[in-house]
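Raw protein-v1.pdb, PDB, C-alpha atoms:
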```
ATOM      1  CA  MET A   1    -125.637 214.465 112.406
ATOM      2  CA  VAL A   2    -125.558 218.165 113.177
ATOM      3  CA  ALA A   3    -128.789 220.051 113.844
ATOM      4  CA  PRO A   4    -128.331 223.815 114.013
ATOM      5  CA  THR A   5    -131.308 225.885 115.146
ATOM      6  CA  GLY A   6    -132.508 229.444 114.678
ATOM      7  CA  ARG A   7    -130.849 231.748 112.175
ATOM      8  CA  LEU A   8    -127.798 230.399 110.392
ATOM      9  CA  ASP A   9    -126.352 233.824 109.691
ATOM     10  CA  VAL A  10    -123.251 235.854 110.450
ATOM     11  CA  VAL A  11    -123.954 235.335 114.162
ATOM     12  CA  GLY A  12    -124.853 231.644 114.064
ATOM     13  CA  ALA A  13    -122.409 230.413 111.412
ATOM     14  CA  PRO A  14    -119.293 230.038 113.621
ATOM     15  CA  ALA A  15    -121.042 227.458 115.833
ATOM     16  CA  LEU A  16    -121.778 225.257 112.812
ATOM     17  CA  LYS A  17    -118.196 225.513 111.601
ATOM     18  CA  ASP A  18    -116.966 224.506 115.058
ATOM     19  CA  ALA A  19    -119.388 221.580 115.267
ATOM     20  CA  ILE A  20    -118.282 220.236 111.874
ATOM     21  CA  SER A  21    -114.614 220.675 112.759
ATOM     22  CA  GLU A  22    -115.171 218.582 115.897
ATOM     23  CA  LEU A  23    -116.825 215.793 113.900
ATOM     24  CA  VAL A  24    -114.044 215.749 111.315
ATOM     25  CA  LYS A  25    -111.424 215.799 114.064
ATOM     26  CA  HIS A  26    -113.037 212.714 115.567
ATOM     27  CA  GLY A  27    -113.005 210.900 112.241
ATOM     28  CA  LEU A  28    -116.683 211.107 111.340
ATOM     29  CA  PRO A  29    -116.532 212.262 107.723
ATOM     30  CA  ARG A  30    -120.104 211.347 106.741
ATOM     31  CA  VAL A  31    -122.300 214.130 108.018
ATOM     32  CA  VAL A  32    -125.947 215.090 107.645
ATOM     33  CA  ILE A  33    -126.845 218.671 108.533
ATOM     34  CA  ASP A  34    -130.453 218.627 109.679
ATOM     35  CA  MET A  35    -131.753 222.049 108.636
ATOM     36  CA  GLU A  36    -135.276 221.600 109.979
ATOM     37  CA  GLY A  37    -134.600 223.908 112.925
ATOM     38  CA  VAL A  38    -132.968 226.606 110.779
ATOM     39  CA  SER A  39    -135.419 229.443 110.237
ATOM     40  CA  PHE A  40    -133.225 231.646 108.057
ATOM     41  CA  VAL A  41    -129.907 231.442 106.270
ATOM     42  CA  ASP A  42    -127.703 234.216 104.892
ATOM     43  CA  SER A  43    -124.580 234.172 102.748
ATOM     44  CA  THR A  44    -122.321 233.807 105.779
ATOM     45  CA  GLY A  45    -124.350 230.836 106.934
ATOM     46  CA  LEU A  46    -123.983 229.339 103.465
ATOM     47  CA  GLY A  47    -120.255 229.993 103.695
ATOM     48  CA  SER A  48    -120.129 227.893 106.844
ATOM     49  CA  VAL A  49    -121.833 225.030 105.010
ATOM     50  CA  ILE A  50    -119.333 225.328 102.139
ATOM     51  CA  SER A  51    -116.518 225.323 104.675
ATOM     52  CA  ALA A  52    -118.029 222.174 106.177
ATOM     53  CA  LEU A  53    -118.200 220.561 102.761
ATOM     54  CA  LYS A  54    -114.519 221.309 102.124
ATOM     55  CA  GLN A  55    -113.464 219.915 105.492
ATOM     56  CA  ILE A  56    -115.497 216.762 105.028
ATOM     57  CA  LYS A  57    -114.385 216.176 101.437
ATOM     58  CA  GLY A  58    -110.821 216.714 102.605
ATOM     59  CA  SER A  59    -111.381 213.726 104.903
ATOM     60  CA  GLN A  60    -112.799 211.655 102.027
ATOM     61  CA  GLY A  61    -116.244 212.081 103.496
ATOM     62  CA  GLU A  62    -119.668 213.163 102.338
ATOM     63  CA  LEU A  63    -122.053 215.907 103.408
ATOM     64  CA  ARG A  64    -125.807 215.960 102.948
ATOM     65  CA  LEU A  65    -128.338 218.649 103.794
ATOM     66  CA  ALA A  66    -131.732 217.590 105.051
ATOM     67  CA  ALA A  67    -135.069 219.347 105.474
ATOM     68  CA  PRO A  68    -134.239 222.911 104.420
ATOM     69  CA  ASN A  69    -137.196 225.289 104.622
ATOM     70  CA  GLN A  70    -138.413 227.391 101.702
ATOM     71  CA  GLN A  71    -136.086 230.323 102.414
ATOM     72  CA  VAL A  72    -133.021 228.080 102.597
ATOM     73  CA  ARG A  73    -133.983 226.306  99.358
ATOM     74  CA  VAL A  74    -134.487 229.603  97.541
ATOM     75  CA  VAL A  75    -131.108 230.913  98.668
ATOM     76  CA  LEU A  76    -129.401 227.665  97.654
ATOM     77  CA  GLU A  77    -131.004 227.892  94.224
ATOM     78  CA  LEU A  78    -130.271 231.587  93.630
ATOM     79  CA  THR A  79    -126.632 231.089  94.513
ATOM     80  CA  THR A  80    -126.515 227.866  92.432
ATOM     81  CA  LEU A  81    -125.310 226.056  95.535
ATOM     82  CA  ASP A  82    -128.068 223.504  95.064
ATOM     83  CA  ARG A  83    -125.674 222.028  92.470
ATOM     84  CA  VAL A  84    -123.025 221.657  95.153
ATOM     85  CA  PHE A  85    -125.322 220.425  97.927
ATOM     86  CA  PRO A  86    -127.941 217.938  96.905
ATOM     87  CA  TYR A  87    -130.571 218.441  99.588
ATOM     88  CA  TYR A  88    -133.133 215.995 100.871
ATOM     89  CA  ALA A  89    -136.680 216.673 101.985
ATOM     90  CA  THR A  90    -136.255 214.775 105.258
ATOM     91  CA  VAL A  91    -133.479 213.434 107.493
ATOM     92  CA  GLU A  92    -134.685 209.910 106.749
ATOM     93  CA  GLU A  93    -134.180 210.464 103.021
ATOM     94  CA  ALA A  94    -130.751 211.950 103.614
ATOM     95  CA  LEU A  95    -129.721 208.922 105.672
ATOM     96  CA  THR A  96    -130.931 206.420 103.069
ATOM     97  CA  GLY A  97    -127.924 204.634 101.596
ATOM     98  CA  PHE A  98    -125.575 206.897 103.507
TER      99      PHE A  98
ATOM    100  CA  MET B  99    -156.573 237.273 106.323
ATOM    101  CA  ARG B 100    -156.411 239.222 103.106
ATOM    102  CA  PRO B 101    -153.248 241.356 102.643
ATOM    103  CA  THR B 102    -153.861 245.068 103.085
ATOM    104  CA  GLN B 103    -152.149 248.023 101.451
ATOM    105  CA  GLU B 104    -152.202 250.114 104.627
ATOM    106  CA  PRO B 105    -149.014 252.159 105.101
ATOM    107  CA  PHE B 106    -146.495 250.796 107.630
ATOM    108  CA  GLU B 107    -143.563 252.545 109.253
ATOM    109  CA  PHE B 108    -140.805 251.249 111.561
ATOM    110  CA  ARG B 109    -137.687 253.053 112.738
ATOM    111  CA  ALA B 110    -134.807 251.982 114.984
ATOM    112  CA  THR B 111    -131.218 252.797 115.777
ATOM    113  CA  LEU B 112    -128.886 249.818 115.745
ATOM    114  CA  THR B 113    -125.552 249.350 117.472
ATOM    115  CA  ALA B 114    -124.705 245.669 117.991
ATOM    116  CA  LEU B 115    -124.624 243.013 115.274
ATOM    117  CA  ASP B 116    -126.697 240.269 116.908
ATOM    118  CA  GLN B 117    -129.293 242.575 118.455
ATOM    119  CA  GLY B 118    -129.414 244.636 115.282
ATOM    120  CA  LEU B 119    -130.222 241.576 113.184
ATOM    121  CA  ASP B 120    -132.918 240.624 115.705
ATOM    122  CA  VAL B 121    -134.493 244.052 115.200
ATOM    123  CA  LEU B 122    -134.423 243.729 111.402
ATOM    124  CA  HIS B 123    -136.161 240.355 111.409
ATOM    125  CA  HIS B 124    -138.622 241.562 114.035
ATOM    126  CA  SER B 125    -139.510 244.581 111.905
ATOM    127  CA  VAL B 126    -140.346 242.310 108.964
ATOM    128  CA  GLU B 127    -142.531 240.194 111.227
ATOM    129  CA  LEU B 128    -144.362 243.328 112.398
ATOM    130  CA  LEU B 129    -144.870 244.338 108.784
ATOM    131  CA  ARG B 130    -146.133 240.864 107.934
ATOM    132  CA  GLN B 131    -148.689 241.054 110.735
ATOM    133  CA  ALA B 132    -149.716 244.629 109.947
ATOM    134  CA  THR B 133    -150.319 243.870 106.283
ATOM    135  CA  GLY B 134    -151.937 240.467 106.829
ATOM    136  CA  ARG B 135    -149.454 238.559 104.699
ATOM    137  CA  PRO B 136    -149.049 234.804 105.278
ATOM    138  CA  ALA B 137    -145.923 233.381 106.926
ATOM    139  CA  GLY B 138    -144.644 231.892 103.664
ATOM    140  CA  ASP B 139    -145.180 235.038 101.569
ATOM    141  CA  ARG B 140    -142.459 234.709  98.918
ATOM    142  CA  PRO B 141    -141.844 238.395  97.998
ATOM    143  CA  LEU B 142    -141.557 239.272 101.681
ATOM    144  CA  MET B 143    -139.253 236.293 102.289
ATOM    145  CA  LEU B 144    -137.003 237.433  99.429
ATOM    146  CA  PHE B 145    -136.967 240.948 100.852
ATOM    147  CA  GLU B 146    -136.119 239.687 104.353
ATOM    148  CA  THR B 147    -133.232 237.681 102.916
ATOM    149  CA  ALA B 148    -131.826 240.770 101.196
ATOM    150  CA  LEU B 149    -132.410 242.844 104.330
ATOM    151  CA  GLY B 150    -130.420 240.313 106.387
ATOM    152  CA  GLU B 151    -127.541 240.484 103.904
ATOM    153  CA  ILE B 152    -127.314 244.262 103.743
ATOM    154  CA  GLY B 153    -128.035 244.622 107.451
ATOM    155  CA  ALA B 154    -125.236 242.226 108.388
ATOM    156  CA  ASN B 155    -122.902 244.084 106.050
ATOM    157  CA  VAL B 156    -123.837 247.476 107.481
ATOM    158  CA  LEU B 157    -123.624 246.330 111.095
ATOM    159  CA  THR B 158    -120.263 244.643 110.499
ATOM    160  CA  HIS B 159    -118.465 247.173 108.293
ATOM    161  CA  GLY B 160    -120.545 250.320 108.704
ATOM    162  CA  HIS B 161    -120.538 250.290 112.463
ATOM    163  CA  PRO B 162    -117.156 249.198 113.806
ATOM    164  CA  GLU B 163    -117.205 247.966 117.392
ATOM    165  CA  GLY B 164    -117.150 250.902 119.778
ATOM    166  CA  ALA B 165    -118.399 253.420 117.207
ATOM    167  CA  ALA B 166    -120.366 256.197 118.927
ATOM    168  CA  THR B 167    -122.867 256.851 116.141
ATOM    169  CA  PRO B 168    -125.522 254.158 115.695
ATOM    170  CA  VAL B 169    -126.884 252.859 112.418
ATOM    171  CA  GLU B 170    -130.235 254.394 111.507
ATOM    172  CA  TYR B 171    -132.753 251.927 110.126
ATOM    173  CA  ARG B 172    -136.137 252.588 108.581
ATOM    174  CA  LEU B 173    -138.697 250.190 107.099
ATOM    175  CA  HIS B 174    -141.562 251.726 105.169
ATOM    176  CA  PHE B 175    -144.413 250.187 103.187
ATOM    177  CA  ASP B 176    -146.862 252.152 101.098
ATOM    178  CA  ARG B 177    -148.911 251.439  97.983
ATOM    179  CA  GLY B 178    -147.360 248.035  97.412
ATOM    180  CA  THR B 179    -143.750 249.137  97.671
ATOM    181  CA  LEU B 180    -141.477 248.132 100.522
ATOM    182  CA  LEU B 181    -138.510 250.355 101.271
ATOM    183  CA  ALA B 182    -135.761 249.788 103.828
ATOM    184  CA  SER B 183    -132.971 252.240 104.412
ATOM    185  CA  PHE B 184    -129.796 252.309 106.471
ATOM    186  CA  VAL B 185    -127.564 255.241 107.307
ATOM    187  CA  ASP B 186    -124.226 254.190 108.766
ATOM    188  CA  PRO B 187    -121.108 256.101 109.797
ATOM    189  CA  GLY B 188    -118.640 253.579 108.362
ATOM    190  CA  PRO B 189    -116.006 254.059 105.685
ATOM    191  CA  PRO B 190    -117.092 254.395 102.034
ATOM    192  CA  VAL B 191    -118.029 251.209 100.235
ATOM    193  CA  ARG B 192    -116.219 250.846  96.934
ATOM    194  CA  ASP B 193    -116.690 248.398  94.077
ATOM    195  CA  HIS B 194    -118.717 245.927  96.134
ATOM    196  CA  LEU B 195    -122.010 246.735  94.445
ATOM    197  CA  ALA B 196    -120.740 245.551  91.072
ATOM    198  CA  ARG B 197    -119.402 242.294  92.438
ATOM    199  CA  ALA B 198    -120.696 239.196  90.633
ATOM    200  CA  MET B 199    -121.803 236.009  92.336
ATOM    201  CA  PRO B 200    -118.607 234.081  93.190
ATOM    202  CA  GLU B 201    -117.826 230.487  92.307
ATOM    203  CA  PRO B 202    -119.939 227.890  94.159
ATOM    204  CA  THR B 203    -116.945 226.777  96.232
ATOM    205  CA  SER B 204    -116.207 230.290  97.516
ATOM    206  CA  GLU B 205    -116.976 230.715 101.220
ATOM    207  CA  ASP B 206    -117.742 234.444 101.043
ATOM    208  CA  GLY B 207    -118.513 237.354  98.745
ATOM    209  CA  ARG B 208    -122.133 236.455  97.962
ATOM    210  CA  GLY B 209    -124.033 238.913 100.153
ATOM    211  CA  LEU B 210    -124.390 241.969  97.943
ATOM    212  CA  ALA B 211    -124.752 239.954  94.741
ATOM    213  CA  LEU B 212    -127.524 237.941  96.363
ATOM    214  CA  ALA B 213    -129.277 241.050  97.691
ATOM    215  CA  ARG B 214    -129.167 242.642  94.234
ATOM    216  CA  THR B 215    -130.852 239.553  92.784
ATOM    217  CA  LEU B 216    -133.603 239.583  95.398
ATOM    218  CA  LEU B 217    -134.566 243.250  95.238
ATOM    219  CA  ASP B 218    -136.122 245.515  92.639
ATOM    220  CA  GLU B 219    -133.603 248.164  93.583
ATOM    221  CA  LEU B 220    -130.477 248.268  95.718
ATOM    222  CA  GLY B 221    -129.131 251.775  96.090
ATOM    223  CA  TYR B 222    -125.998 253.054  97.741
ATOM    224  CA  GLU B 223    -124.511 256.517  98.009
ATOM    225  CA  ARG B 224    -121.800 258.191 100.029
ATOM    226  CA  ASP B 225    -123.211 261.320 101.630
ATOM    227  CA  GLY B 226    -120.565 263.327 103.461
ATOM    228  CA  GLU B 227    -119.392 261.125 106.318
ATOM    229  CA  VAL B 228    -122.134 258.493 106.075
ATOM    230  CA  ASN B 229    -123.240 255.671 103.797
ATOM    231  CA  ARG B 230    -126.858 255.560 102.675
ATOM    232  CA  TRP B 231    -128.391 252.248 101.616
ATOM    233  CA  ARG B 232    -131.794 251.878  99.980
ATOM    234  CA  LEU B 233    -133.544 248.540  99.445
ATOM    235  CA  VAL B 234    -136.742 248.463  97.404
ATOM    236  CA  LYS B 235    -139.100 245.563  96.753
ATOM    237  CA  ARG B 236    -142.521 245.733  95.191
ATOM    238  CA  LEU B 237    -144.805 243.254  96.943
TER     239      LEU B 237
END
```
Would you give me this structure, written as structure tokens?
Amino acid sequence: MVAPTGRLDVVGAPALKDAISELVKHGLPRVVIDMEGVSFVDSTGLGSVISALKQIKGSQGELRLAAPNQQVRVVLELTTLDRVFPYYATVEEALTGF
Amino acid sequence: MRPTQEPFEFRATLTALDQGLDVLHHSVELLRQATGRPAGDRPLMLFETALGEIGANVLTHGHPEGAATPVEYRLHFDRGTLLASFVDPGPPVRDHLARAMPEPTSEDGRGLALARTLLDELGYERDGEVNRWRLVKRL
């Protein structure tokens, strides 16, 4: 599980990419990103999540997003990325059957 | 607290990306408090999202590292209309405003398309040696 905090934007996105790369490098291709601590996301932050998805799928893994706030959900929907990332209301839900 | 329609004005000059984004989000929070809007106010949240997109774009491309001239930022609210403007000394922006939302698997290229969707008006003009951006949202 990865739990970024604060704004997942052009400043915060590289840290998420690095964290996912480390997990994939260590052979952990099933990842939940806990978004509860993310207050705001922008298109660069979304890009880092898409990058994570590509890395994880490239390792035959799976990525789930958990507990996005209203702003994150709206941005996912407006960019139609909610079709790419099924998101879960809580971490517990995301971990169910994972 | 019931939202008010009292005018609000905020101005700043921005130089660094991370601090500049802090200022933009802080200005929206000040506006929220001044107008008595709740934390989850959707129109203001949509505006803040667009402001973050354009602001990041301006501070990245419109103010190259080491540039002497700062980015001028203004946030103004009056009679239900929220207006943000940026003036930056960067190179002209071409074609970006017409860019469509990219494919879902694309890692970039969404910022301006997203901002356009979120705002009532997104204006851009080249004025001599500066770029002028205008973001309008009716609350």
From the list A:Gly47, A:Gly27, A:Gly12, A:Gly37, which residue is nearest chain B when using only C-alpha atoms?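 Checking each of A:Gly47, A:Gly27, A:Gly12, A:Gly37 against chain B, counting only C-alpha atoms, the winner is A:Gly47.
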Write down, as a ChimeraX atom specification, each residue of chain B that has any atom within 9 Å of an atom of chain A, counting only C-alpha atoms. /B:115-116,119,138,140,143-144,147-148,150-151,154,199-200,202-209,212,215-216
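Nearest to A:Gly61 of all the residues A:Pro29, A:Tyr87, A:Phe98, A:Leu76 is A:Pro29, counting all atoms listed in the file.
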Matched chain/residue IDs from the PyMOL selection byres ((chain B and resi 174-191) around 10), as a ChimeraX atom specification: /B:102-112,122,129,133,142,145,149,152-153,156-162,165-173,192-195,217-237
To one decimal place, how far is atom CA of B:Gly164 from atom CA of B:Asp120 in Å?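 Atom CA of B:Gly164 sits 19.3 Å away from atom CA of B:Asp120.
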Between atom CA of B:Leu210 and atom CA of B:Gln131, measure the distance and give it in Å to one decimal.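 Between atom CA of B:Leu210 and atom CA of B:Gln131 the gap works out to 27.5 Å.
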Kindly give the distance, in Å, that separates atom CA of A:Arg64 and atom CA of A:Asp34, rounded to a single decimal.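 Atom CA of A:Asp34 lies at a distance of 8.6 Å from atom CA of A:Arg64.
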How big is the axis-aligned box around the listed atoms of stretch 86-92 of chain A once 4 Å is added on each side, and where is its centre? Give both in Å to one decimal, as AutoDock Vina command-line options.
```
--center_x -132.3 --center_y 214.2 --center_z 102.2 --size_x 16.7 --size_y 16.5 --size_z 18.6
```
Applied to this file, what does the PyMOL selection byres ((chain A and resi 6) around 6) return in terms of residues, put as an mmCIF file with C-alpha atoms, in the coordinates of the input?
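Once written, out-v7.cif looks like this:
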```
data_model
loop_
_atom_site.group_PDB
_atom_site.id
_atom_site.type_symbol
_atom_site.label_atom_id
_atom_site.label_comp_id
_atom_site.auth_asym_id
_atom_site.auth_seq_id
_atom_site.Cartn_x
_atom_site.Cartn_y
_atom_site.Cartn_z
ATOM 1 C CA THR A 5 -131.308 225.885 115.146
ATOM 2 C CA ARG A 7 -130.849 231.748 112.175
ATOM 3 C CA VAL A 38 -132.968 226.606 110.779
ATOM 4 C CA SER A 39 -135.419 229.443 110.237
#
```
Between A:Leu8, A:Ala13, A:Leu23, A:Ile33, which has the minimum distance to A:Ala67 (counting only C-alpha atoms)? A:Ile33
